[in-house]
$ cat structure.cif   # mmCIF, C-alpha atoms
data_run
loop_
_atom_site.label_atom_id
_atom_site.label_comp_id
_atom_site.auth_asym_id
_atom_site.auth_seq_id
_atom_site.Cartn_x
_atom_site.Cartn_y
_atom_site.Cartn_z
CA MET H 3 0.18 29.22 15.99
CA PRO H 4 0.04 25.80 14.37
CA ASP H 5 -0.57 25.95 10.65
CA GLU H 6 -3.49 24.29 8.89
CA GLU H 7 -1.40 21.36 7.68
CA THR H 8 -0.20 20.55 11.21
CA GLN H 9 -3.73 20.63 12.56
CA THR H 10 -5.01 18.46 9.73
CA LEU H 11 -2.26 15.91 10.16
CA ASP H 12 -2.95 15.78 13.88
CA ARG H 13 -6.62 15.19 13.17
CA SER H 14 -5.64 12.33 10.87
CA ALA H 15 -3.60 10.90 13.73
CA GLY H 16 -6.65 10.86 15.91
CA GLY H 17 -5.64 13.77 18.13
CA ASP H 18 -8.36 15.64 19.98
CA THR H 19 -6.43 18.90 20.16
CA PRO H 20 -4.41 20.82 17.58
CA ALA H 21 -0.85 19.60 17.17
CA ARG H 22 1.95 21.64 18.71
CA PRO H 23 4.72 22.89 16.44
CA VAL H 24 7.75 20.66 16.86
CA SER H 25 11.17 22.29 17.14
CA GLY H 26 14.33 20.62 15.91
CA ALA H 27 15.31 19.75 19.49
CA ALA H 28 11.86 18.35 20.26
CA GLU H 29 11.91 16.26 17.11
CA ALA H 30 15.31 14.86 17.99
CA ALA H 31 14.04 14.03 21.45
CA ALA H 32 11.05 12.28 19.92
CA THR H 33 13.45 10.12 17.95
CA ARG H 34 15.17 9.02 21.15
CA THR H 35 11.96 8.44 23.09
CA VAL H 36 8.64 7.59 21.45
CA ALA H 37 6.12 10.26 22.31
CA ALA H 38 3.58 9.16 24.85
CA THR H 39 -0.11 9.72 24.33
CA PRO H 40 -2.27 10.96 27.19
CA GLY H 41 -2.52 8.35 29.88
CA THR H 42 0.69 6.53 28.95
CA THR H 43 4.04 6.21 30.65
CA ALA H 44 7.36 6.86 28.96
CA GLN H 45 8.56 4.14 26.60
CA PRO H 46 12.14 2.76 26.56
CA THR H 47 14.61 5.14 24.93
CA TRP H 48 15.61 2.55 22.33
CA LEU H 49 12.06 2.04 21.11
CA GLY H 50 11.84 5.11 18.88
CA PRO H 51 14.90 4.40 16.71
CA VAL H 52 14.11 0.68 16.49
CA LEU H 53 10.54 1.47 15.47
CA ILE H 54 11.79 3.74 12.69
CA VAL H 55 14.06 0.97 11.38
CA GLY H 56 11.21 -1.51 11.69
CA ILE H 57 8.76 0.72 9.81
CA VAL H 58 11.25 1.29 6.99
CA LEU H 59 12.10 -2.41 6.64
CA ALA H 60 8.46 -3.48 6.83
CA ALA H 61 7.43 -0.92 4.21
CA LEU H 62 10.27 -2.04 1.94
CA ASN H 63 8.71 -5.53 1.98
CA LEU H 64 5.12 -4.58 1.16
CA ARG H 65 5.48 -4.96 -2.63
CA PRO H 66 8.58 -7.00 -3.71
CA ALA H 67 6.55 -10.23 -3.48
CA ILE H 68 4.39 -8.77 -6.27
CA THR H 69 6.76 -6.74 -8.45
CA SER H 70 9.52 -9.37 -8.44
CA LEU H 71 6.96 -11.80 -9.87
CA GLY H 72 5.88 -9.22 -12.43
CA ALA H 73 9.45 -8.92 -13.70
CA LEU H 74 9.70 -12.71 -14.15
CA PHE H 75 6.08 -13.41 -14.97
CA GLU H 76 6.68 -14.95 -18.40
CA GLU H 77 9.35 -17.31 -17.05
CA THR H 78 7.17 -18.26 -14.07
CA ARG H 79 4.12 -18.90 -16.27
CA THR H 80 6.16 -21.14 -18.54
CA GLY H 81 7.93 -22.93 -15.70
CA LEU H 82 4.68 -23.77 -13.92
CA GLY H 83 2.62 -24.35 -17.07
CA MET H 84 0.05 -21.62 -16.33
CA SER H 85 -2.65 -20.66 -18.81
CA GLY H 86 -3.47 -16.99 -19.36
CA THR H 87 -6.55 -17.29 -17.14
CA VAL H 88 -4.59 -18.91 -14.30
CA ALA H 89 -1.89 -16.27 -14.68
CA GLY H 90 -4.58 -13.60 -14.40
CA MET H 91 -5.78 -15.31 -11.23
CA ILE H 92 -2.26 -15.10 -9.80
CA THR H 93 -2.29 -11.34 -10.39
CA SER H 94 -5.67 -11.11 -8.62
CA VAL H 95 -4.47 -12.92 -5.50
CA PRO H 96 -2.87 -9.80 -3.91
CA ALA H 97 -6.15 -7.92 -3.95
CA LEU H 98 -8.08 -10.94 -2.61
CA CYS H 99 -5.64 -11.46 0.27
CA PHE H 100 -5.57 -7.76 1.09
CA ALA H 101 -9.37 -7.70 1.25
CA VAL H 102 -9.80 -10.91 3.27
CA PHE H 103 -6.94 -10.51 5.73
CA GLY H 104 -6.90 -6.71 5.93
CA VAL H 105 -10.37 -6.61 7.49
CA THR H 106 -9.10 -8.78 10.38
CA ALA H 107 -6.27 -6.38 11.26
CA PRO H 108 -8.15 -4.14 13.74
CA ARG H 109 -9.50 -7.13 15.67
CA LEU H 110 -6.11 -8.83 15.78
CA SER H 111 -4.41 -5.62 16.88
CA ARG H 112 -6.85 -5.26 19.79
CA ARG H 113 -6.21 -8.87 20.80
CA PHE H 114 -2.42 -9.07 20.43
CA GLY H 115 -1.27 -5.48 19.87
CA PRO H 116 -0.43 -3.91 16.50
CA ALA H 117 3.34 -4.41 16.85
CA ALA H 118 2.94 -8.15 17.48
CA VAL H 119 0.63 -8.48 14.47
CA VAL H 120 3.10 -6.63 12.22
CA CYS H 121 5.90 -8.89 13.51
CA ALA H 122 3.82 -11.97 12.68
CA GLY H 123 2.97 -10.43 9.32
CA MET H 124 6.62 -9.97 8.41
CA ALA H 125 7.32 -13.57 9.46
CA ALA H 126 4.49 -14.72 7.15
CA VAL H 127 5.94 -12.69 4.28
CA ALA H 128 9.37 -14.25 4.75
CA THR H 129 7.98 -17.79 5.07
CA GLY H 130 5.89 -17.49 1.92
CA LEU H 131 8.80 -16.08 -0.08
CA LEU H 132 11.02 -18.93 1.13
CA ILE H 133 8.50 -21.60 0.11
CA ARG H 134 7.20 -20.12 -3.16
CA PRO H 135 10.22 -20.74 -5.41
CA PHE H 136 10.18 -24.47 -4.60
CA ALA H 137 6.56 -24.97 -5.74
CA THR H 138 6.17 -27.54 -8.52
CA GLY H 139 2.71 -26.44 -9.65
CA ALA H 140 0.45 -23.43 -9.83
CA ALA H 141 -1.56 -24.46 -6.74
CA GLY H 142 1.48 -24.64 -4.45
CA PHE H 143 2.84 -21.41 -5.87
CA LEU H 144 -0.51 -19.75 -5.25
CA ALA H 145 -0.70 -21.01 -1.64
CA ALA H 146 2.81 -19.77 -0.78
CA SER H 147 2.08 -16.43 -2.41
CA ALA H 148 -1.14 -16.15 -0.39
CA LEU H 149 0.80 -16.66 2.86
CA SER H 150 3.15 -13.79 2.04
CA LEU H 151 0.28 -11.61 0.90
CA ALA H 152 -1.67 -12.27 4.11
CA GLY H 153 1.26 -10.88 6.09
CA ILE H 154 1.44 -7.89 3.76
CA ALA H 155 -2.31 -7.30 4.17
CA LEU H 156 -2.08 -7.06 7.95
CA THR H 157 0.93 -4.76 7.75
CA ASN H 158 -0.77 -2.58 5.12
CA VAL H 159 -3.52 -1.65 7.55
CA LEU H 160 -1.50 -1.44 10.76
CA LEU H 161 1.68 0.42 9.79
CA PRO H 162 -0.10 3.78 9.36
CA VAL H 163 -1.88 3.15 12.69
CA ILE H 164 1.45 2.45 14.41
CA VAL H 165 2.91 5.64 12.93
CA LYS H 166 0.01 7.70 14.28
CA ARG H 167 0.12 5.97 17.67
CA TYR H 168 3.84 6.19 18.44
CA PHE H 169 4.79 9.37 16.54
CA PRO H 170 1.87 11.76 17.14
CA ASP H 171 4.05 14.86 16.72
CA ARG H 172 5.62 13.69 13.46
CA VAL H 173 2.79 12.02 11.58
CA GLY H 174 3.54 13.76 8.27
CA THR H 175 7.24 12.93 8.37
CA MET H 176 6.71 9.30 9.31
CA ILE H 177 3.89 8.70 6.81
CA GLY H 178 6.18 10.19 4.17
CA LEU H 179 9.02 7.89 5.26
CA TYR H 180 6.66 4.90 5.20
CA SER H 181 5.29 5.78 1.74
CA MET H 182 8.77 6.45 0.36
CA SER H 183 10.08 3.13 1.66
CA LEU H 184 7.10 1.29 0.19
CA ALA H 185 7.71 2.88 -3.22
CA ALA H 186 11.45 2.22 -2.97
CA GLY H 187 10.91 -1.48 -2.23
CA THR H 188 8.45 -1.72 -5.10
CA SER H 189 10.79 -0.17 -7.65
CA LEU H 190 13.89 -1.97 -6.31
CA ALA H 191 12.30 -5.38 -6.84
CA ALA H 192 11.07 -4.39 -10.29
CA ALA H 193 14.46 -3.10 -11.43
CA ALA H 194 16.83 -5.57 -9.74
CA THR H 195 15.04 -8.91 -10.08
CA VAL H 196 16.01 -9.65 -13.70
CA PRO H 197 19.69 -8.58 -13.37
CA LEU H 198 20.09 -10.47 -10.10
CA THR H 199 18.46 -13.54 -11.63
CA GLY H 200 20.94 -13.47 -14.48
CA ALA H 201 23.89 -12.98 -12.15
CA LEU H 202 22.78 -15.94 -9.99
CA GLY H 203 22.40 -18.45 -12.79
CA GLY H 204 19.27 -17.40 -14.68
CA SER H 205 16.64 -19.45 -12.83
CA TRP H 206 13.37 -17.64 -12.12
CA ARG H 207 13.16 -19.61 -8.87
CA THR H 208 16.40 -18.05 -7.62
CA GLY H 209 15.24 -14.63 -8.75
CA LEU H 210 12.14 -14.89 -6.58
CA LEU H 211 13.93 -16.50 -3.63
CA ILE H 212 16.39 -13.65 -3.06
CA TRP H 213 13.63 -11.35 -1.77
CA ALA H 214 13.05 -13.65 1.21
CA VAL H 215 16.34 -12.32 2.64
CA LEU H 216 14.97 -8.77 2.85
CA ALA H 217 11.79 -10.09 4.50
CA LEU H 218 13.77 -12.03 7.11
CA LEU H 219 15.69 -8.86 7.99
CA ALA H 220 12.38 -7.05 8.52
CA VAL H 221 11.32 -9.50 11.23
CA LEU H 222 14.28 -8.69 13.49
CA PRO H 223 13.45 -5.16 14.72
CA TRP H 224 9.81 -6.08 15.34
CA LEU H 225 10.67 -8.83 17.84
CA PRO H 226 11.81 -6.45 20.62
CA VAL H 227 9.19 -3.87 19.64
CA ALA H 228 6.40 -6.42 19.96
CA ARG H 229 7.75 -7.62 23.30
CA ALA H 230 7.94 -4.07 24.70
CA SER H 231 4.48 -3.28 23.38
CA ARG H 232 2.95 -6.34 25.01
CA ARG H 233 4.61 -5.47 28.34
CA ALA H 234 3.21 -1.95 28.15
CA GLU H 235 -0.28 -3.18 27.33
CA ARG H 236 -0.25 -5.67 30.22
CA ALA H 237 0.79 -2.83 32.51
CA GLY H 238 -2.15 -0.79 31.26
CA THR H 239 0.03 1.93 29.75
CA ALA H 240 -0.94 1.51 26.11
CA THR H 241 -3.81 3.58 24.82
CA GLY H 242 -4.47 5.11 21.47
CA PRO H 243 -6.40 4.62 18.28
CA VAL H 244 -6.26 0.85 18.21
CA ALA H 245 -7.38 0.49 21.81
CA SER H 246 -10.80 1.98 21.23
CA ALA H 247 -13.64 -0.14 19.98
CA ALA H 248 -16.12 2.74 19.68
CA GLY H 249 -16.52 4.57 16.44
CA PRO H 250 -18.83 5.55 13.60
CA ARG H 251 -20.66 2.99 11.47
CA VAL H 252 -18.72 3.68 8.30
CA VAL H 253 -21.12 1.72 6.08
CA ARG H 254 -23.65 4.53 6.60
CA SER H 255 -21.28 7.13 5.16
CA ARG H 256 -21.40 8.07 1.47
CA THR H 257 -17.90 9.47 1.71
CA ALA H 258 -16.62 6.18 3.13
CA TRP H 259 -18.12 4.29 0.19
CA ALA H 260 -16.72 6.81 -2.30
CA LEU H 261 -13.31 6.48 -0.67
CA ALA H 262 -13.49 2.66 -0.65
CA CYS H 263 -14.49 2.54 -4.32
CA TYR H 264 -11.79 5.05 -5.25
CA PHE H 265 -9.29 2.92 -3.34
CA GLY H 266 -10.55 -0.15 -5.22
CA LEU H 267 -10.17 1.35 -8.67
CA GLN H 268 -6.72 2.81 -7.98
CA ALA H 269 -5.68 -0.60 -6.59
CA THR H 270 -7.03 -2.25 -9.74
CA GLY H 271 -4.85 -0.02 -11.89
CA ALA H 272 -1.83 -0.49 -9.65
CA TYR H 273 -1.96 -4.29 -9.62
CA ILE H 274 -2.69 -4.52 -13.32
CA THR H 275 0.37 -2.33 -13.83
CA MET H 276 2.59 -4.37 -11.50
CA GLY H 277 1.39 -7.67 -12.93
CA TRP H 278 1.13 -6.92 -16.66
CA LEU H 279 3.09 -3.78 -17.62
CA PRO H 280 6.41 -5.63 -18.19
CA GLN H 281 4.58 -8.13 -20.41
CA ILE H 282 2.98 -5.31 -22.43
CA PHE H 283 6.42 -3.89 -23.13
CA ARG H 284 7.94 -7.31 -23.87
CA ASP H 285 5.19 -8.10 -26.37
CA ALA H 286 6.01 -4.78 -28.06
CA GLY H 287 9.61 -5.91 -28.57
CA VAL H 288 11.23 -4.49 -25.44
CA SER H 289 13.81 -6.74 -23.74
CA ALA H 290 13.05 -8.37 -20.40
CA SER H 291 15.63 -6.33 -18.49
CA THR H 292 14.43 -3.06 -20.03
CA ALA H 293 10.82 -3.97 -19.29
CA GLY H 294 11.80 -4.47 -15.66
CA LEU H 295 13.48 -1.07 -15.62
CA LEU H 296 10.37 0.51 -17.14
CA LEU H 297 8.25 -0.97 -14.36
CA ALA H 298 10.80 0.38 -11.88
CA VAL H 299 10.39 3.87 -13.39
CA THR H 300 6.64 3.55 -12.92
CA MET H 301 7.01 2.45 -9.32
CA VAL H 302 9.79 4.86 -8.32
CA MET H 303 7.58 7.87 -9.05
CA GLY H 304 5.95 7.10 -5.73
CA VAL H 305 9.14 8.01 -3.86
CA PRO H 306 9.15 11.81 -4.35
CA LEU H 307 5.39 12.14 -4.77
CA ALA H 308 4.79 10.29 -1.49
CA PHE H 309 6.09 13.46 0.19
CA VAL H 310 4.49 15.99 -2.15
CA ILE H 311 0.93 14.67 -2.40
CA PRO H 312 0.09 14.24 1.33
CA GLY H 313 1.34 17.73 2.17
CA LEU H 314 -0.47 19.28 -0.78
CA ALA H 315 -3.70 17.42 0.01
CA ALA H 316 -3.56 18.47 3.68
CA ARG H 317 -3.39 22.14 2.65
CA MET H 318 -6.46 21.88 0.42
CA LYS H 319 -10.07 21.83 1.63
CA ASN H 320 -11.10 19.78 -1.40
CA GLN H 321 -8.71 17.21 -2.86
CA GLY H 322 -10.76 16.38 -5.96
CA ALA H 323 -8.46 18.36 -8.25
CA ILE H 324 -5.55 16.08 -7.34
CA ALA H 325 -7.62 13.00 -8.20
CA VAL H 326 -8.56 14.52 -11.59
CA THR H 327 -4.95 15.41 -12.40
CA LEU H 328 -3.66 11.92 -11.55
CA GLY H 329 -6.43 10.35 -13.65
CA VAL H 330 -5.58 12.48 -16.70
CA PHE H 331 -1.93 11.38 -16.49
CA GLY H 332 -3.12 7.76 -16.46
CA LEU H 333 -5.40 8.20 -19.48
CA THR H 334 -2.53 9.74 -21.44
CA GLY H 335 -0.23 6.86 -20.50
CA TYR H 336 -2.72 4.19 -21.61
CA LEU H 337 -3.33 5.97 -24.92
CA GLY H 338 0.42 6.01 -25.48
CA LEU H 339 0.68 2.28 -24.75
CA TYR H 340 -2.10 1.65 -27.28
CA PHE H 341 -0.62 3.65 -30.16
CA ALA H 342 3.18 3.49 -29.62
CA PRO H 343 4.10 1.11 -26.76
CA ALA H 344 7.79 0.71 -27.66
CA ALA H 345 8.55 4.10 -29.22
CA GLY H 346 7.38 6.09 -26.21
CA ALA H 347 7.91 3.43 -23.56
CA TRP H 348 9.79 5.62 -21.08
CA ALA H 349 7.23 8.43 -21.33
CA TRP H 350 4.28 6.06 -20.81
CA ALA H 351 6.01 4.43 -17.83
CA LEU H 352 6.54 7.88 -16.29
CA LEU H 353 2.94 8.98 -16.84
CA LEU H 354 1.52 5.76 -15.39
CA GLY H 355 3.85 6.12 -12.41
CA ILE H 356 2.40 9.56 -11.67
CA SER H 357 -1.14 8.20 -12.07
CA ASN H 358 -0.44 5.34 -9.66
CA CYS H 359 0.37 7.91 -6.97
CA ALA H 360 -3.34 7.87 -6.22
CA PHE H 361 -2.24 5.51 -3.41
CA PRO H 362 -0.57 8.16 -1.18
CA LEU H 363 -3.55 10.40 -1.94
CA VAL H 364 -6.07 7.82 -0.76
CA ILE H 365 -4.04 7.03 2.38
CA THR H 366 -4.05 10.76 3.18
CA LEU H 367 -7.79 11.00 2.54
CA ILE H 368 -8.42 8.20 5.05
CA GLY H 369 -6.99 10.47 7.75
CA LEU H 370 -8.70 13.63 6.51
CA ARG H 371 -12.18 12.10 6.25
CA ALA H 372 -12.35 10.98 9.92
CA LYS H 373 -12.16 13.01 13.13
CA SER H 374 -11.89 10.44 15.89
CA PRO H 375 -9.19 7.84 16.59
CA ALA H 376 -11.68 5.00 16.20
CA GLY H 377 -12.98 6.59 13.02
CA VAL H 378 -9.53 6.58 11.44
CA VAL H 379 -9.00 2.90 12.26
CA ARG H 380 -12.44 1.82 11.06
CA LEU H 381 -12.26 3.89 7.89
CA SER H 382 -8.78 2.52 7.12
CA ALA H 383 -9.90 -1.08 7.49
CA PHE H 384 -13.17 -0.51 5.61
CA ALA H 385 -11.66 1.45 2.72
CA GLN H 386 -8.72 -0.90 2.22
CA SER H 387 -10.59 -4.18 2.60
CA THR H 388 -13.59 -3.10 0.51
CA GLY H 389 -11.32 -1.43 -2.01
CA TYR H 390 -9.11 -4.47 -2.50
CA LEU H 391 -12.22 -6.64 -2.81
CA ILE H 392 -13.45 -4.38 -5.61
CA SER H 393 -10.08 -4.66 -7.36
CA ILE H 394 -10.04 -8.47 -7.54
CA PRO H 395 -11.70 -8.96 -10.97
CA GLY H 396 -9.49 -6.43 -12.77
CA PRO H 397 -6.20 -8.33 -13.25
CA LEU H 398 -8.09 -11.59 -13.92
CA LEU H 399 -10.21 -9.93 -16.60
CA ILE H 400 -7.11 -8.38 -18.19
CA GLY H 401 -5.47 -11.83 -18.39
CA THR H 402 -8.58 -13.37 -19.95
CA LEU H 403 -8.94 -10.57 -22.52
CA TYR H 404 -5.24 -10.84 -23.37
CA GLN H 405 -5.46 -14.59 -23.91
CA HIS H 406 -8.62 -14.56 -26.02
CA SER H 407 -8.01 -11.39 -28.05
CA GLY H 408 -4.36 -12.17 -28.77
CA GLY H 409 -3.22 -8.62 -28.10
CA TRP H 410 -3.36 -5.62 -25.78
CA GLY H 411 -5.97 -3.47 -27.57
CA LEU H 412 -9.00 -4.55 -25.51
CA PRO H 413 -7.13 -4.79 -22.18
CA LEU H 414 -5.73 -1.27 -22.60
CA ALA H 415 -9.18 0.07 -23.50
CA LEU H 416 -10.54 -1.44 -20.29
CA MET H 417 -7.69 0.02 -18.22
CA ALA H 418 -8.37 3.48 -19.62
CA GLY H 419 -12.12 3.10 -19.16
CA LEU H 420 -11.75 2.29 -15.46
CA LEU H 421 -10.03 5.62 -14.90
CA VAL H 422 -13.23 7.54 -15.72
CA PRO H 423 -15.24 6.35 -12.67
CA GLN H 424 -12.03 6.52 -10.61
CA ILE H 425 -11.76 10.23 -11.33
CA ALA H 426 -15.44 10.79 -10.45
CA LEU H 427 -15.11 8.88 -7.17
CA GLY H 428 -11.95 10.80 -6.31
CA VAL H 429 -13.88 14.04 -6.65
CA LEU H 430 -16.59 12.71 -4.31
CA ALA H 431 -14.09 11.39 -1.76
CA GLY H 432 -12.17 14.66 -1.86
CA ARG H 433 -15.07 16.77 -0.59
CA ASP H 434 -14.53 18.52 2.76
CA ARG H 435 -16.60 16.33 5.11
CA THR H 436 -16.08 13.58 7.65
CA ILE H 437 -17.67 10.20 8.23
CA GLU H 438 -18.64 11.20 11.78
CA ASP H 439 -20.71 14.11 10.44
CA GLU H 440 -22.38 11.92 7.83
CA CYS H 441 -23.21 9.30 10.46
CA GLY H 442 -24.75 11.95 12.73
CA MET H 443 -22.09 11.62 15.44
CA GLY H 444 -20.91 15.23 15.41
CA ASP H 445 -17.60 15.74 17.19
#
$ encode --input "structure.cif" --output "structure tokens"
Amino acid sequence: MPDEETQTLDRSAGGDTPARPVSGAAEAAATRTVAATPGTTAQPTWLGPVLIVGIVLAALNLRPAITSLGALFEETRTGLGMSGTVAGMITSVPALCFAVFGVTAPRLSRRFGPAAVVCAGMAAVATGLLIRPFATGAAGFLAASALSLAGIALTNVLLPVIVKRYFPDRVGTMIGLYSMSLAAGTSLAAAATVPLTGALGGSWRTGLLIWAVLALLAVLPWLPVARASRRAERAGTATGPVASAAGPRVVRSRTAWALACYFGLQATGAYITMGWLPQIFRDAGVSASTAGLLLAVTMVMGVPLAFVIPGLAARMKNQGAIAVTLGVFGLTGYLGLYFAPAAGAWAWALLLGISNCAFPLVITLIGLRAKSPAGVVRLSAFAQSTGYLISIPGPLLIGTLYQHSGGWGLPLALMAGLLVPQIALGVLAGRDRTIEDECGMGD
């Protein structure tokens, strides 16, 4: 008998029937040949392993464009002559790009195929990272950053869809691998950017440029995958979640709005953390390299918890308790930053890292709150795009408060205050219901 977690994960993948238990031999076979959904023909034997490499490399590149800048933010601000308000705008750009470009991902995937869009997204990331260090002003720097972030936005939405489409019998494992790789790339850029910059001559431009190499590597496995996917779609063999245009009207669902707003507030906290946490520590007297390591500690917490939280959430009928627990960790971390930022720096970084693991929770909830394949895709695009749109003012407001108040008291109070509605929305989004039921679509 399949256990509850397996059934729930299969529902999140868009399956219409309970998932079958996968033996070790079957899982190994699935690695050699990507599992076919009903109505498909067998895929090339090389596709499974190449897809796994591609997913890992793509996920590794979803945050270094942001956290590498966070580690060198002071040097970049000075080098480009940015004011505090403009710097806050730079930290808001990720959320804006994720909102604007993320909503286009389902339409583009239907037109060109999800693998081709991810391939183009990785190429955009690499191009932006190659151009950005050579910018001579804030406007050029912002434009190059936006190009990279547009590619990240498309990949953000479509990687989970690709996992569910090509690995229907191993959704939990692959989502865990994807989440772990994302967290690893985030923390690697945060920890290594400052030391690598110093080793390569000390220029912040060089420190940002090195991450283009990792992005270029990520393009390579997606070239053959995109080509094979397009051939399959022309032959009429590709079906799955992204192929269906039918689905519930998510804007009519209270749960969808609660999930989107929860996503928005957790994204606000995450991007404030990635953009400003090193500066908070540096203003408290912590060295630049140590501040980068502290950000890495915050980000690396997502690696183990990316496996723990989805499995735990899938076993629970109501996930609100997890949202409350993560919020309490965040409140404690912000209080610590307010009263003793340097003395307890490592503890506060750890607590905020646990709190920021609301991201794997919300990605899991997107699957749990929809029954149908089309519902999962629509809810993913709606929650992420709306959520990132909600998160745009946060980093900008933090930068403005920091500039005009001359300290971190007011910004930290705002960060802590935002966790209160985040906790409440997490409780609402965690209730055991689906958007199809709320929209009157039944099964």
$ residues_around --input "structure.cif" --residues "H:Cys121" --least-positions-apart "4" --cutoff "8 Å" --atoms "all atoms listed in the file" --output "list in words"
Ala117, Ala125, Val221, Trp224, Leu225 and Ala228 of chain H
$ closest_residue --input "structure.cif" --among "H:Tyr404, H:Phe283, H:Tyr390, H:Tyr264" --to "H:Pro96" --atoms "only C-alpha atoms"
H:Tyr390
$ atom_distance --input "structure.cif" --atom1 "atom CA of H:Ile154" --atom2 "atom CA of H:Ala97"
10.8 Å
$ closest_residue --input "structure.cif" --among "H:Leu144, H:Leu267, H:Leu53, H:Val227" --to "H:Pro423" --atoms "only C-alpha atoms"
H:Leu267
$ atom_distance --input "structure.cif" --atom1 "atom CA of H:Leu381" --atom2 "atom CA of H:Ile92"
27.8 Å
$ atom_distance --input "structure.cif" --atom1 "atom CA of H:Ala191" --atom2 "atom CA of H:Met91"
21.1 Å
$ closest_residue --input "structure.cif" --among "H:Gly329, H:Arg317, H:Glu440, H:Leu211" --to "H:Thr199" --atoms "all atoms listed in the file"
H:Leu211
$ closest_residue --input "structure.cif" --among "H:Val429, H:Leu339, H:Ala258, H:Leu179" --to "H:Gly389" --atoms "only C-alpha atoms"
H:Ala258
$ resolve_selection --input "structure.cif" --expression "the PyMOL selection byres ((chain H and resi 217) around 9)" --output "MDAnalysis selection string"
chainID H and resid 59:60 62:63 124:125 127:129 131 213:216 218:221
$ build_atoms --input "structure.cif" --residues "stretch 157-161 of chain H" --atoms "all heavy atoms" --output "CSV table (one decimal), in the frame of the given file"
chain,number,residue,atom,x,y,z
H,157,THR,N,0.0,-5.9,7.6
H,157,THR,CA,0.9,-4.8,7.8
H,157,THR,C,0.4,-3.5,7.0
H,157,THR,O,0.6,-2.4,7.5
H,157,THR,CB,2.3,-5.2,7.2
H,157,THR,OG1,2.7,-6.4,7.9
H,157,THR,CG2,3.4,-4.1,7.6
H,158,ASN,N,-0.2,-3.7,5.9
H,158,ASN,CA,-0.8,-2.6,5.1
H,158,ASN,C,-1.7,-1.7,6.0
H,158,ASN,O,-1.6,-0.5,6.0
H,158,ASN,CB,-1.6,-3.1,4.0
H,158,ASN,CG,-0.8,-3.2,2.7
H,158,ASN,OD1,0.2,-2.6,2.5
H,158,ASN,ND2,-1.3,-4.1,1.8
H,159,VAL,N,-2.5,-2.4,6.7
H,159,VAL,CA,-3.5,-1.6,7.6
H,159,VAL,C,-2.9,-1.1,8.8
H,159,VAL,O,-3.2,0.1,9.2
H,159,VAL,CB,-4.7,-2.6,7.9
H,159,VAL,CG1,-5.6,-1.9,8.9
H,159,VAL,CG2,-5.4,-3.0,6.7
H,160,LEU,N,-2.0,-1.8,9.4
H,160,LEU,CA,-1.5,-1.4,10.8
H,160,LEU,C,-0.3,-0.5,10.8
H,160,LEU,O,-0.1,0.2,11.8
H,160,LEU,CB,-1.2,-2.7,11.6
H,160,LEU,CG,-2.4,-3.5,11.9
H,160,LEU,CD1,-2.0,-4.8,12.7
H,160,LEU,CD2,-3.5,-2.7,12.7
H,161,LEU,N,0.5,-0.5,9.7
H,161,LEU,CA,1.7,0.4,9.8
H,161,LEU,C,1.3,1.9,9.9
H,161,LEU,O,1.9,2.6,10.8
H,161,LEU,CB,2.6,0.2,8.6
H,161,LEU,CG,3.7,-0.8,8.7
H,161,LEU,CD1,4.6,-0.7,7.4
H,161,LEU,CD2,4.5,-0.6,9.9
